[in-house]
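Take a look at the structure set out below.
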Amino acid sequence: VEILTPDVSKGLRNDFQAAMDKIEAEEQAELLRNEGVQEEFISAEDSIANAAATQADDDITMESILEMAKKAGESDDDHDQAFLLKYLKFVLGLRARELNERPKEVKQTASGRLDSAIHSQTESYLKPLLKLLRKRRTPPDILPSLTLIGRNMVERQYVVAGDWYLRMAIGNAAWPIGVTMVGIHARTGREKIFAQHVAHVLNDETQRKYIQALKRLMTFCQRVFPTDPSRCVR
């Protein structure tokens, strides 16, 4: 008996979100278990201080980003990638400055060290994406989603940004995370039907990491750039 495909993928989106949350929790636990956590913390603190200083030197303002966001998704790919590069660097610098300005006693606590290590990890995860954006070589299959995520984050439409994040991560297919066989009997052309809907985020480690890092920045932006609760992801 062939199993009917569900009309919506809300439940699977929730499963995917839970999977990403689990990965995040495991990575944080690994950072805490790491015997070299103190060395990691020192390295992270140096990176944070450098990032905070870089942001001040670059003199990137929210006003200039807002201006670029107006044409994001409606202009050419080069403009979209320039916008994303500028915005991601701005947010990373903002988070770095926030961490850098913490009192020393806060930095030295377990949670303080973890925050520093996570930010350092986030920067590391985003490097491949930033490199692609800088060279204007972002994959065309994810650039439109990235652009709409960035634009909606700038406009503080976090629910919409979150929806585009999930679309990019798992797509709109009812069986998104690599499932291409939902019945007993194989059918001709099944592979062609499903191939375009298979999500790659859990199969491509590099892409999974920078998409996960992007989600961290989305959470940070929602906190530092608050808006109406109806436009926020809870």
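In the structure tokens, the first chain shown is A, the next is B, and so on; residue numbers restart at 1 for each chain, and ligands run from 1 in the order shown.
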Kindly provide the residues of range 63-112 of chain A that approach range 144-168 of chain A to within 7 Å, each paired with its closest atom pair and their distance in Å to one decimal, based on only C-alpha atoms, listed by chain and increasing number, as a tab-separated table.
```
residue	atom	partner	partner_atom	distance
A:Leu66	CA	A:Val154	CA	6.7
A:Ala69	CA	A:Arg151	CA	5.4
A:Ala72	CA	A:Thr147	CA	6.4
A:Gly73	CA	A:Thr147	CA	6.1
A:Asp80	CA	A:Thr147	CA	6.2
A:Leu84	CA	A:Gly150	CA	6.5
```
Applying 7 Å and only C-alpha atoms, which residues near range 202-218 of chain A remain after dropping the ones on its own chain fewer than 2 positions away? List them as a PDB file with C-alpha atoms, in the first residue's frame.
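The new file part16.pdb reads:
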```
ATOM      1  CA  THR A 122      29.927  31.143  14.568  1.00  0.00           C
ATOM      2  CA  TYR A 125      31.188  28.586  10.412  1.00  0.00           C
ATOM      3  CA  LEU A 126      30.374  31.719   8.406  1.00  0.00           C
ATOM      4  CA  LEU A 129      29.787  31.867   3.116  1.00  0.00           C
ATOM      5  CA  HIS A 200      21.148  19.421   1.329  1.00  0.00           C
ATOM      6  CA  PHE A 220      20.783  37.783  18.165  1.00  0.00           C
ATOM      7  CA  CYS A 221      19.208  40.393  15.866  1.00  0.00           C
ATOM      8  CA  GLN A 222      15.760  39.710  17.245  1.00  0.00           C
TER       9      GLN A 222
END
```
*Nearest to Tyr87 in chain A: which of A:Ser111, A:Ser75, A:Asn100, A:Ser64 is it, counting only C-alpha atoms?*
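Nearest to Tyr87 in chain A: A:Ser64.
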*Between CA of Arg234 in chain A and CA of Met62 in chain A - distance in Å to one decimal*: 24.5 Å
*Separation of CA of Lys86 in chain A from CA of Lys127 in chain A in Å*: 13.4 Å
*May I ask which of the residues A:Arg231, A:Ser124, A:Ile65, A:Arg102 is the closest one to His79 in chain A, counting only C-alpha atoms?*
A:Ile65
